[in-house]
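Coordinates from input09.cif are shown below (mmCIF, C-alpha atoms).
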```
data_data
#
loop_
_atom_site.label_atom_id
_atom_site.label_comp_id
_atom_site.auth_asym_id
_atom_site.auth_seq_id
_atom_site.Cartn_x
_atom_site.Cartn_y
_atom_site.Cartn_z
CA MET A 19 40.44 0.13 -60.54
CA LEU A 20 38.63 -1.84 -57.79
CA ILE A 21 41.76 -3.89 -57.14
CA VAL A 22 43.86 -0.72 -56.96
CA GLY A 23 41.38 0.78 -54.50
CA LEU A 24 41.41 -2.31 -52.32
CA SER A 25 45.19 -2.38 -52.40
CA ILE A 26 45.33 1.23 -51.23
CA ALA A 27 42.85 0.46 -48.45
CA LEU A 28 44.84 -2.58 -47.43
CA ALA A 29 48.03 -0.53 -47.36
CA ALA A 30 46.35 1.88 -44.97
CA LEU A 31 45.31 -0.98 -42.72
CA LEU A 32 48.86 -2.26 -42.63
CA VAL A 33 50.34 0.99 -41.33
CA VAL A 34 49.84 -0.27 -37.79
CA ALA A 35 51.52 -3.59 -38.50
CA ALA A 36 54.42 -1.99 -40.34
CA GLY A 37 54.95 0.68 -37.72
CA VAL A 38 55.38 -1.63 -34.77
CA PHE A 39 58.48 -3.33 -36.13
CA GLY A 40 61.20 -0.75 -35.56
CA ILE A 41 64.51 -0.57 -37.37
CA LYS A 42 67.40 -1.62 -35.18
CA HIS A 43 68.63 0.96 -32.73
CA PHE A 44 71.79 2.05 -34.53
CA THR A 45 69.72 3.32 -37.49
CA SER A 46 66.36 4.23 -35.96
CA ARG A 47 67.64 7.12 -33.88
CA HIS A 48 68.37 9.07 -37.06
CA GLN A 49 64.92 8.71 -38.59
CA PRO A 50 62.61 11.75 -38.83
CA PRO A 51 60.90 12.29 -35.46
CA ALA A 52 57.24 11.57 -34.79
CA GLN A 53 54.85 14.49 -34.51
CA ALA A 54 55.14 15.80 -30.98
CA GLN A 55 52.33 15.33 -28.46
CA GLN A 56 52.53 16.26 -24.80
CA VAL A 57 52.02 13.39 -22.36
CA GLU A 58 49.45 14.37 -19.73
CA GLU A 59 48.46 11.01 -18.28
CA SER A 60 50.39 7.84 -18.98
CA ALA A 61 49.52 4.24 -18.25
CA LEU A 62 53.18 3.32 -18.57
CA ARG A 63 55.62 3.45 -15.68
CA GLN A 64 59.09 2.18 -14.94
CA VAL A 65 59.79 -0.10 -12.00
CA PRO A 66 63.36 -1.02 -10.95
CA GLY A 67 64.22 -4.58 -11.87
CA ASP A 68 64.08 -7.32 -9.28
CA GLY A 69 67.10 -9.18 -8.00
CA GLN A 70 70.70 -9.04 -9.14
CA PRO A 71 72.02 -7.50 -12.36
CA LEU A 72 72.24 -9.88 -15.28
CA LYS A 73 75.61 -11.36 -16.11
CA PHE A 74 77.29 -11.94 -19.44
CA GLY A 75 80.08 -14.47 -19.04
CA GLY A 76 80.21 -13.74 -15.31
CA THR A 77 80.34 -9.93 -15.71
CA ALA A 78 77.41 -7.91 -14.35
CA LEU A 79 75.89 -5.60 -16.98
CA TYR A 80 74.66 -2.03 -16.65
CA ASP A 81 71.11 -1.32 -17.78
CA ALA A 82 70.52 1.60 -20.15
CA CYS A 83 67.00 2.53 -18.98
CA SER A 84 68.33 2.65 -15.40
CA VAL A 85 71.01 5.18 -16.39
CA ILE A 86 68.40 7.83 -17.30
CA THR A 87 64.81 7.16 -16.25
CA ILE A 88 61.41 8.63 -17.07
CA ASP A 89 61.12 9.98 -13.52
CA GLN A 90 64.47 11.72 -13.84
CA LEU A 91 63.43 13.32 -17.12
CA THR A 92 60.18 14.44 -15.52
CA GLY A 93 62.19 15.93 -12.66
CA LEU A 94 64.10 18.00 -15.22
CA GLY A 95 60.82 19.24 -16.71
CA VAL A 96 61.20 17.13 -19.85
CA SER A 97 58.18 15.05 -20.89
CA LEU A 98 57.73 12.24 -23.40
CA ASN A 99 55.92 12.07 -26.72
CA ALA A 100 52.74 10.02 -26.25
CA LYS A 101 52.76 8.74 -29.83
CA ALA A 102 56.26 7.24 -29.74
CA GLY A 103 57.39 4.19 -27.83
CA VAL A 104 60.02 3.72 -25.16
CA THR A 105 62.44 1.11 -26.54
CA HIS A 106 64.50 -1.03 -24.16
CA GLU A 107 67.05 -3.63 -25.22
CA HIS A 108 68.63 -5.99 -22.70
CA LEU A 109 69.31 -9.63 -21.91
CA ASP A 110 66.47 -11.62 -20.37
CA GLY A 111 68.78 -13.82 -18.29
CA ASP A 112 72.37 -14.64 -17.40
CA ILE A 113 74.62 -15.89 -20.21
CA PRO A 114 77.15 -18.50 -19.04
CA PRO A 115 80.80 -18.09 -20.06
CA ASP A 116 80.64 -20.77 -22.76
CA ALA A 117 77.76 -18.94 -24.49
CA ALA A 118 79.03 -15.38 -23.88
CA LEU A 119 80.18 -14.66 -27.42
CA ALA A 120 81.49 -11.16 -28.11
CA GLN A 121 79.18 -9.02 -30.21
CA SER A 122 80.03 -6.44 -32.87
CA ALA A 123 81.04 -2.87 -32.07
CA ALA A 124 77.60 -1.75 -33.28
CA ASP A 125 75.83 -3.86 -30.64
CA SER A 126 75.00 -2.60 -27.17
CA ALA A 127 74.82 -4.68 -24.02
CA SER A 128 71.77 -2.56 -23.23
CA TYR A 129 69.98 0.25 -25.07
CA CYS A 130 67.17 2.65 -24.18
CA THR A 131 65.37 5.28 -26.27
CA TYR A 132 62.82 7.90 -25.26
CA THR A 133 61.10 10.23 -27.72
CA LEU A 134 60.63 13.63 -26.11
CA SER A 135 57.68 15.99 -26.40
CA ASN A 136 59.58 18.15 -28.90
CA GLY A 137 59.83 15.13 -31.24
CA ASN A 138 63.56 14.55 -30.72
CA SER A 139 64.84 11.31 -29.23
CA LEU A 140 67.12 10.66 -26.28
CA SER A 141 69.06 7.38 -26.43
CA VAL A 142 71.36 5.66 -23.96
CA SER A 143 73.76 2.94 -25.11
CA VAL A 144 75.82 0.70 -22.83
CA ARG A 145 78.87 -1.12 -24.18
CA GLN A 146 81.17 -3.11 -21.94
CA THR A 147 83.48 -6.08 -21.97
CA PRO A 148 83.12 -9.00 -22.50
CA PHE A 149 79.87 -8.27 -24.41
CA ASN A 150 82.02 -6.12 -26.69
CA THR A 151 85.67 -6.89 -27.31
CA ALA A 152 88.32 -4.85 -25.49
CA ALA A 153 89.63 -3.64 -28.86
CA ASP A 154 86.21 -2.45 -30.03
CA LEU A 155 85.53 -0.75 -26.72
CA ALA A 156 88.89 1.04 -26.76
CA PHE A 157 88.24 2.28 -30.31
CA LEU A 158 84.77 3.54 -29.43
CA GLN A 159 86.10 5.30 -26.32
CA THR A 160 88.41 7.38 -28.51
CA GLY A 161 85.39 8.54 -30.52
CA GLY A 162 87.00 7.52 -33.80
CA THR A 163 87.90 10.46 -36.02
CA ARG A 164 84.69 12.47 -35.71
CA ARG A 165 84.71 13.58 -32.07
CA PRO A 166 86.24 17.02 -31.47
CA GLY A 167 87.65 18.30 -28.21
CA THR A 168 89.51 16.73 -25.32
CA PRO A 169 87.84 14.55 -22.67
CA ARG A 170 87.98 15.67 -19.04
CA SER A 171 88.47 13.46 -15.98
CA GLU A 172 85.94 13.47 -13.15
CA ASP A 173 85.49 10.93 -10.35
CA SER A 174 87.78 8.37 -12.02
CA LEU A 175 85.78 8.65 -15.25
CA SER A 176 86.53 10.16 -18.64
CA LEU A 177 83.78 12.40 -19.99
CA ILE A 178 83.15 14.59 -23.00
CA GLN A 179 80.12 16.40 -24.39
CA TRP A 180 80.13 17.25 -28.07
CA ASN A 181 77.90 18.06 -31.03
CA ASP A 182 77.84 16.15 -34.30
CA ALA A 183 76.45 18.55 -36.87
CA GLU A 184 76.44 15.87 -39.57
CA SER A 185 73.98 13.68 -37.68
CA THR A 186 72.31 16.60 -35.82
CA THR A 187 73.06 14.92 -32.50
CA GLN A 188 74.37 16.12 -29.14
CA HIS A 189 76.59 13.49 -27.50
CA ILE A 190 77.62 12.67 -23.95
CA ASP A 191 80.35 10.00 -23.75
CA VAL A 192 81.35 8.68 -20.32
CA TRP A 193 83.75 5.78 -19.83
CA LYS A 194 86.18 3.83 -17.74
CA PRO A 195 88.43 0.95 -18.88
CA ASP A 196 85.72 -1.74 -19.16
CA LEU A 197 82.66 0.41 -19.82
CA LEU A 198 81.36 3.05 -22.25
CA ILE A 199 78.02 4.83 -21.91
CA ASN A 200 76.91 7.01 -24.82
CA VAL A 201 73.96 9.39 -24.60
CA TYR A 202 72.58 10.69 -27.89
CA ILE A 203 70.17 13.64 -28.05
CA ASP A 204 68.71 14.27 -31.47
CA THR A 205 68.38 17.92 -32.51
CA TYR A 206 66.20 17.65 -35.64
CA ASN A 207 63.67 19.93 -34.02
CA PRO A 208 64.85 23.18 -32.42
CA GLY A 209 63.53 22.27 -28.96
CA PRO A 210 63.32 23.32 -26.23
CA TYR A 211 63.98 20.43 -23.84
CA GLY A 212 61.65 21.47 -21.06
CA ALA A 213 62.93 24.98 -20.38
CA MET A 214 66.47 24.17 -21.60
CA ASP A 215 68.41 24.30 -24.82
CA VAL A 216 70.15 21.08 -25.85
CA GLN A 217 73.52 21.91 -24.31
CA THR A 218 71.96 22.84 -20.97
CA PHE A 219 69.88 19.66 -21.13
CA ALA A 220 72.95 17.52 -21.85
CA THR A 221 74.83 19.16 -18.99
CA ALA A 222 71.92 18.35 -16.66
CA LEU A 223 72.08 14.69 -17.76
CA GLU A 224 75.80 14.26 -17.07
CA PRO A 225 75.42 13.84 -13.27
CA LEU A 226 72.74 11.17 -13.85
CA VAL A 227 75.14 9.12 -15.98
CA LYS A 228 77.99 9.49 -13.48
CA SER A 229 75.68 8.52 -10.61
CA ALA A 230 74.45 5.41 -12.44
CA ILE A 231 78.04 4.29 -13.06
CA SER A 232 78.95 4.92 -9.43
CA LYS A 233 75.93 2.90 -8.28
CA GLY A 234 77.00 -0.06 -10.38
CA PRO A 235 75.11 -2.55 -12.55
CA THR A 236 71.43 -3.14 -11.81
CA ALA A 237 68.74 -5.56 -12.96
CA PRO A 238 66.96 -4.33 -16.12
CA MET A 239 64.30 -1.69 -15.60
CA ARG A 240 60.77 -3.06 -15.99
CA HIS A 241 58.10 -1.28 -18.05
CA VAL A 242 54.65 -1.95 -16.63
CA TYR A 243 51.12 -0.72 -17.26
CA SER A 244 48.06 -0.17 -15.17
CA GLY A 245 44.58 -1.13 -16.39
CA LEU A 246 43.91 -3.64 -19.15
CA LEU A 247 47.43 -3.48 -20.58
CA GLY A 248 48.80 -4.51 -17.20
CA LYS A 249 46.94 -7.80 -17.45
CA VAL A 250 48.66 -8.76 -20.70
CA LYS A 251 52.11 -10.35 -20.71
CA SER A 252 55.10 -8.27 -21.67
CA PRO A 253 55.71 -8.71 -25.41
CA CYS A 254 59.12 -10.25 -24.66
CA GLU A 255 57.41 -12.78 -22.39
CA ALA A 256 55.09 -13.57 -25.28
CA MET A 257 57.99 -13.97 -27.71
CA SER A 258 59.73 -16.31 -25.26
CA ARG A 259 62.87 -18.32 -25.80
CA THR A 260 60.60 -21.34 -26.25
CA ALA A 261 58.59 -19.65 -29.01
CA PHE A 262 61.81 -18.51 -30.70
CA ARG A 263 63.23 -22.02 -30.67
CA GLN A 264 60.08 -23.43 -32.26
CA SER A 265 60.89 -21.41 -35.35
CA PHE A 266 64.69 -21.81 -35.16
CA PRO A 267 65.31 -25.23 -33.58
CA ALA A 268 68.64 -25.84 -35.27
CA HIS A 269 70.33 -22.48 -34.82
CA SER A 270 73.02 -21.91 -32.21
CA GLY A 271 73.31 -19.17 -29.62
CA GLU A 272 71.22 -18.29 -26.59
CA ALA A 273 67.95 -16.63 -27.70
CA ALA A 274 68.40 -14.16 -24.88
CA MET A 275 68.56 -10.60 -26.25
CA THR A 276 65.24 -8.75 -26.25
CA GLU A 277 64.18 -5.32 -27.46
CA GLY A 278 60.76 -4.25 -26.17
CA THR A 279 58.80 -1.17 -27.25
CA PHE A 280 56.23 0.33 -24.89
CA TYR A 281 53.97 3.27 -25.68
CA PRO A 282 53.43 5.84 -22.91
CA ALA A 283 49.74 6.40 -23.67
CA ALA A 284 46.91 4.80 -25.64
CA SER A 285 46.46 5.84 -29.25
CA SER A 286 43.58 7.91 -30.55
CA ARG A 287 42.77 5.24 -33.14
CA GLY A 288 39.50 4.50 -31.36
CA PRO A 289 37.98 4.03 -27.92
CA GLU A 290 38.20 0.25 -28.27
CA TRP A 291 41.98 0.35 -28.78
CA GLU A 292 43.90 0.06 -25.49
CA GLY A 293 47.49 0.07 -26.67
CA GLN A 294 50.28 -1.61 -28.57
CA ILE A 295 53.48 -3.25 -27.32
CA SER A 296 56.11 -5.12 -29.29
CA CYS A 297 59.35 -7.08 -28.95
CA GLU A 298 62.25 -8.34 -31.01
CA ARG A 299 64.17 -11.36 -29.75
CA HIS A 300 67.44 -12.56 -31.23
CA ASN A 301 70.15 -15.06 -30.50
CA ILE A 302 73.66 -14.41 -29.17
CA VAL A 303 76.17 -15.38 -31.88
CA PRO A 304 79.70 -14.14 -32.64
CA ASN A 305 79.64 -10.57 -34.07
CA GLY A 306 75.88 -10.22 -33.60
CA ASP A 307 73.76 -9.42 -36.64
CA LEU A 308 76.87 -9.08 -38.80
CA ASN A 309 76.99 -12.88 -38.64
CA LYS A 310 74.41 -13.53 -41.34
CA ALA A 311 74.93 -17.30 -41.26
CA GLU A 312 73.93 -17.71 -37.60
CA TYR A 313 72.05 -14.60 -36.49
CA ARG A 314 68.27 -14.93 -36.31
CA GLU A 315 65.50 -12.70 -34.96
CA LEU A 316 61.74 -12.73 -34.51
CA HIS A 317 59.43 -9.76 -33.93
CA VAL A 318 56.03 -9.81 -32.22
CA SER A 319 53.49 -7.03 -31.83
CA LEU A 320 50.51 -7.19 -29.47
CA SER A 321 47.57 -4.90 -30.28
CA VAL A 322 45.38 -4.86 -27.17
CA ARG A 323 41.66 -4.12 -27.53
CA GLU A 324 39.16 -3.43 -24.77
CA ASN A 325 37.26 -6.66 -25.44
CA GLU A 326 37.27 -9.74 -27.63
CA GLN A 327 34.61 -8.39 -29.97
CA ALA A 328 36.75 -5.35 -30.82
CA ALA A 329 39.74 -7.64 -31.42
CA THR A 330 37.63 -9.91 -33.63
CA GLU A 331 36.46 -6.96 -35.72
CA HIS A 332 40.05 -5.86 -36.25
CA ASN A 333 41.16 -9.43 -37.01
CA THR A 334 38.37 -9.75 -39.57
CA LEU A 335 39.35 -6.42 -41.10
CA LEU A 336 42.93 -7.62 -41.61
CA CYS A 337 42.33 -11.25 -42.56
CA GLY A 338 38.86 -10.99 -44.11
CA LEU A 339 40.25 -10.13 -47.51
CA THR A 340 41.39 -13.74 -47.88
CA SER A 341 37.94 -14.37 -49.33
CA ARG A 342 38.99 -12.32 -52.36
CA PRO A 343 41.29 -14.46 -54.55
CA ASP A 344 42.22 -11.39 -56.58
CA ILE A 345 43.87 -9.81 -53.51
CA ALA A 346 47.25 -11.56 -53.41
CA ASP A 347 48.58 -9.64 -50.39
CA VAL A 348 46.38 -11.56 -47.91
CA VAL A 349 46.57 -15.37 -47.69
CA ALA A 350 44.57 -17.49 -45.25
CA VAL A 351 46.46 -19.87 -42.94
CA THR A 352 44.81 -23.15 -42.03
CA PRO A 353 44.45 -24.54 -39.51
CA SER A 354 44.14 -21.20 -37.76
CA VAL A 355 46.04 -20.24 -34.61
CA GLY A 356 44.27 -18.79 -31.57
CA THR A 357 40.68 -17.61 -31.39
CA GLY A 358 40.14 -15.84 -34.72
CA ARG A 359 41.27 -15.97 -38.31
CA THR A 360 44.93 -16.46 -39.18
CA CYS A 361 46.49 -14.99 -42.28
CA MET A 362 49.70 -13.94 -43.94
CA LEU A 363 49.87 -10.26 -44.90
CA ARG A 364 52.38 -8.83 -47.33
CA ILE A 365 54.01 -5.64 -46.05
CA GLY A 366 56.41 -4.27 -48.61
CA SER A 367 58.44 -7.23 -49.87
CA ASP A 368 57.95 -9.29 -46.70
CA TRP A 369 55.14 -11.25 -45.05
CA THR A 370 53.80 -11.10 -41.50
CA LEU A 371 51.61 -13.63 -39.70
CA GLN A 372 48.43 -12.23 -38.12
CA PHE A 373 46.22 -13.97 -35.57
CA GLN A 374 44.06 -13.29 -32.52
CA LEU A 375 44.12 -14.44 -28.90
CA GLY A 376 41.05 -13.21 -27.02
CA HIS A 377 41.13 -9.41 -26.93
CA VAL A 378 44.68 -9.22 -28.34
CA GLY A 379 45.72 -9.11 -31.98
CA VAL A 380 49.13 -10.64 -32.65
CA SER A 381 51.54 -9.93 -35.52
CA ILE A 382 54.78 -11.83 -36.05
CA ARG A 383 57.52 -11.31 -38.60
CA GLY A 384 60.88 -12.92 -39.16
CA PRO A 385 64.40 -11.66 -39.86
CA LEU A 386 65.05 -9.39 -42.80
CA ALA A 387 65.30 -11.34 -46.03
CA GLU A 388 65.28 -10.55 -49.72
CA ASN A 389 61.84 -11.24 -51.17
CA PRO A 390 60.90 -14.32 -49.10
CA THR A 391 57.94 -16.30 -50.37
CA GLN A 392 54.70 -16.53 -48.45
CA ASP A 393 55.20 -20.27 -47.98
CA GLU A 394 58.70 -19.76 -46.54
CA ARG A 395 57.46 -17.19 -44.06
CA ARG A 396 54.42 -19.24 -43.06
CA GLU A 397 56.55 -22.30 -42.32
CA LEU A 398 58.90 -20.16 -40.23
CA LEU A 399 56.33 -18.15 -38.26
CA VAL A 400 53.52 -20.61 -37.53
CA PRO A 401 55.54 -22.69 -34.99
CA ALA A 402 56.32 -19.57 -32.93
CA ALA A 403 52.66 -18.47 -33.17
CA GLN A 404 51.49 -21.87 -31.92
CA ALA A 405 53.87 -21.64 -28.95
CA ILE A 406 52.61 -18.14 -28.09
CA ALA A 407 48.99 -19.32 -28.32
CA GLU A 408 49.68 -22.37 -26.16
CA ALA A 409 51.36 -20.28 -23.43
CA GLY A 410 48.65 -17.59 -23.55
CA LEU A 411 48.93 -13.83 -23.21
CA ILE A 412 47.00 -13.06 -20.04
CA ARG A 413 48.90 -12.88 -16.77
#
```
Take the structure in the file and give it back as structure tokens.
Amino acid sequence: MLIVGLSIALAALLVVAAGVFGIKHFTSRHQPPAQAQQVEESALRQVPGDGQPLKFGGTALYDACSVITIDQLTGLGVSLNAKAGVTHEHLDGDIPPDAALAQSAADSASYCTYTLSNGNSLSVSVRQTPFNTAADLAFLQTGGTRRPGTPRSEDSLSLIQWNDAESTTQHIDVWKPDLLINVYIDTYNPGPYGAMDVQTFATALEPLVKSAISKGPTAPMRHVYSGLLGKVKSPCEAMSRTAFRQSFPAHSGEAAMTEGTFYPAASSRGPEWEGQISCERHNIVPNGDLNKAEYRELHVSLSVRENEQAATEHNTLLCGLTSRPDIADVVAVTPSVGTGRTCMLRIGSDWTLQFQLGHVGVSIRGPLAENPTQDERRELLVPAAQAIAEAGLIR
């Protein structure tokens, strides 16, 4: 019974670690929404990206979080859910023509998700050639067989708004020959969206999408924090291309696609907890994650505490159970990485690597796999952890 009790306690501790590694965007937007909480003061803000738009094979890419921004939502009277992250997927640099390999129809050149105060999510997806093939883009522009109605033409664009009752989603599709922008508004909860119903909200968003297309591609939006979180590197800086290559030295494809998650406000888990940010990085290979032989990804989560003592206490809480040989879900890693204990934690059927760097707790996990062993995961994840520790996390 003691072992069962400890296992239950450990499972509770791992909720944080399990929660930070989101399911990929084309499935996560149809998960049950988080409990709504009005955002009153947020440490997170968006800043337009510096410099020129990123290029894929010489073609400048649109950025999803620049199509619809937090400030624009605020201007419409629509606020965010403080307990759910803003997710932003984009390239972290130009991809030369010889490495610009077309991705699957399910993959977006850029993706952005906001969870609104009513618990429903708003997602923006950008698909364009040559990131997606011309054939895939043309098929997606037709809406397949599920989209009712007839598109209208406005300002040299095709546009349609429609409701998918099966997925409880309101859609806005806007396109031109080499570009498709989809906006998805979940309708699990009845709303409202500010003072609007979902159709009125979607209609208010249409001019923002058209304006973003007219403006042209831009550098990726940056998500920055004030205070202590602002002094910590972005999670996708932490999980750098260098760190990725330490774990996957032999795999092809530019390790250039990143998906960061940024929480609008600190959690109520305790006064010593400042916030949590995370990132997934993967390589660019033909057909994206459908290419099981070549596709690889790594996830990192940074749990930022107000001081090193608070981080050490949390690190000890997670990794301290390694002193109990009867608890098989926590295995010590030696030599340790960083400034605290290092351990492997089993979450479900997989293992994550946990370590500490100053006042930041770090969790890393690898690509989805069927029942990987602890040794396999440790050998994969430790090289990336060592690279992150060597580069540091403080700006």
Take the PyMOL selection byres ((chain A and resi 81-93) around 7), run it mentally on this structure, and tell me the resulting residues as a PyMOL selection string.
chain A and resi 79-80+94-97+106+128-130+142-144+226-227+230+235-239
Separation of CA of Gln121 (chain A) from CA of Pro304 (chain A) in Å
5.7 Å
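For the file at hand, the PyMOL selection byres ((chain A and resi 306) around 9) resolves to Leu119, Ala120, Gln121, Ser122, Ala124, Asp125, Asn301, Ile302, Val303, Pro304, Asn305, Asp307, Leu308, Asn309, Lys310, Glu312 and Tyr313 of chain A.
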Ala78 (chain A) environment, 12 Å, all atoms listed in the file, sequence neighbours closer than 6 positions dropped, as a list in words
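The residues satisfying every condition are Gln70, Pro71, Leu72, Leu109, Gly111, Asp112, Ile113, Pro114, Ala127, Ser128, Gln146, Thr147, Pro148, Phe149, Asp196, Leu197, Gly234, Pro235, Thr236, Ala237 and Pro238 of chain A.
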At most 12 Å from (72.7, 18.5, -33.0), file frame, all atoms listed in the file: which residues, as number ranges by chain?
A: 48, 138-140, 179-190, 202-209, 215-217, 220
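From CA of Ser258 (chain A) back to CA of Thr334 (chain A), the distance works out to 26.5 Å.
Shell of Val322 (chain A) at 7 Å, with only C-alpha atoms counted and residues fewer than 5 places along the chain excluded, is Trp291, Glu292, Gly293, Gln294, His377, Val378 and Gly379 of chain A.
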